[in-house]
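Single-structure report; data block below.
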Amino acid sequence: MSKRRVVVTGLGVVSPVGSTVQSAWDAILRGESGIGPVTRFDVSAFPVRFGGQVRDFDVSQYIAPKDARRMDEFMQYGVAAGVQAVGDAGIDFAKPIPRAAARCAAPASAASGPSRPNTANT
């Protein structure tokens, strides 16, 4: 077994209950749900018309518009959460950092690719 340690130094969230750690945590503490009517695409052909979707998310706070147009929405959410986590950790990659501290990662995964074309930013 490896003796390596993992240290979580910063948090980031983009979710149906909030697009920042603070807004998501506040909504959770108030007992709010991120579930509601689906409004981002036509659901008339589906028997279920509600679900959890990210609302009030401004991708331009995290990614240049040109770059955002080239990304699927789930990728934008991941990048935004990563940017938040780096900021929360107080890491400034523009400054020289000690060699040991230079080993950092922001793991992310997705079970599948996009289910529909990204038309939100066109």
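The way I read the labels, and the way they are meant: chains A, B, ... in the order of the structure tokens, residue 1 as the first residue of every chain, and ligand 1 as the first ligand shown, with later ones counted on from there.
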* Test item: residues at most 10 Å from A:Gly12, only C-alpha atoms, excluding those fewer than 4 positions along its chain, as a list of chain:residue names ->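 Non-adjacent residues within range: A:Ser19, A:Thr20, A:Val21, A:Gln22, A:Ala24, A:Tyr77, A:Gly78, A:Val79, A:Ala80, A:Ala81, A:Gly82, A:Val83, A:Gln84, A:Ala85, A:Val86, A:Gly87, A:Asp88, A:Ala89.
Using only C-alpha atoms, the residues found no farther than 12 Å from stretch 42-56 of chain A, other than those of its own chain fewer than 2 positions away, are Val13, Val14, Ser15, Pro16, Val17, Gly18, Ser19, Thr20, Ser23, Ala24, Glu32, Ser33, Gly34, Ile35, Gly36, Pro37, Val38, Thr39, Arg40, Asp58, Val59, Ser60, Gln61, Glu73, Phe74, Gln76, Tyr77 and Arg116 of chain A.
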* **DSSP alpha helix (DSSP H) residues within stretch 29-103 of chain A, listed as a list in words** => Leu29, Pro65, Lys66, Asp67, Ala68, Arg69, Glu73, Phe74, Met75, Gln76, Tyr77, Gly78, Val79, Ala80, Ala81, Gly82, Val83, Gln84, Ala85, Val86, Gly87, Asp88 and Ala89 of chain A
* **stretch 7-88 of chain A: residues DSSP assigns to strand (DSSP E), reported as a list of chain:residue names** =>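 Strand (DSSP E) members of stretch 7-88 of chain A, listed: A:Ile35, A:Gly36, A:Pro37, A:Phe50, A:Gly51, A:Gly52.
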* Atom pair atom CA of A:Arg70 / atom CA of A:Ile91: separation (Å) ->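 Atom CA of A:Arg70 sits 26.6 Å away from atom CA of A:Ile91.
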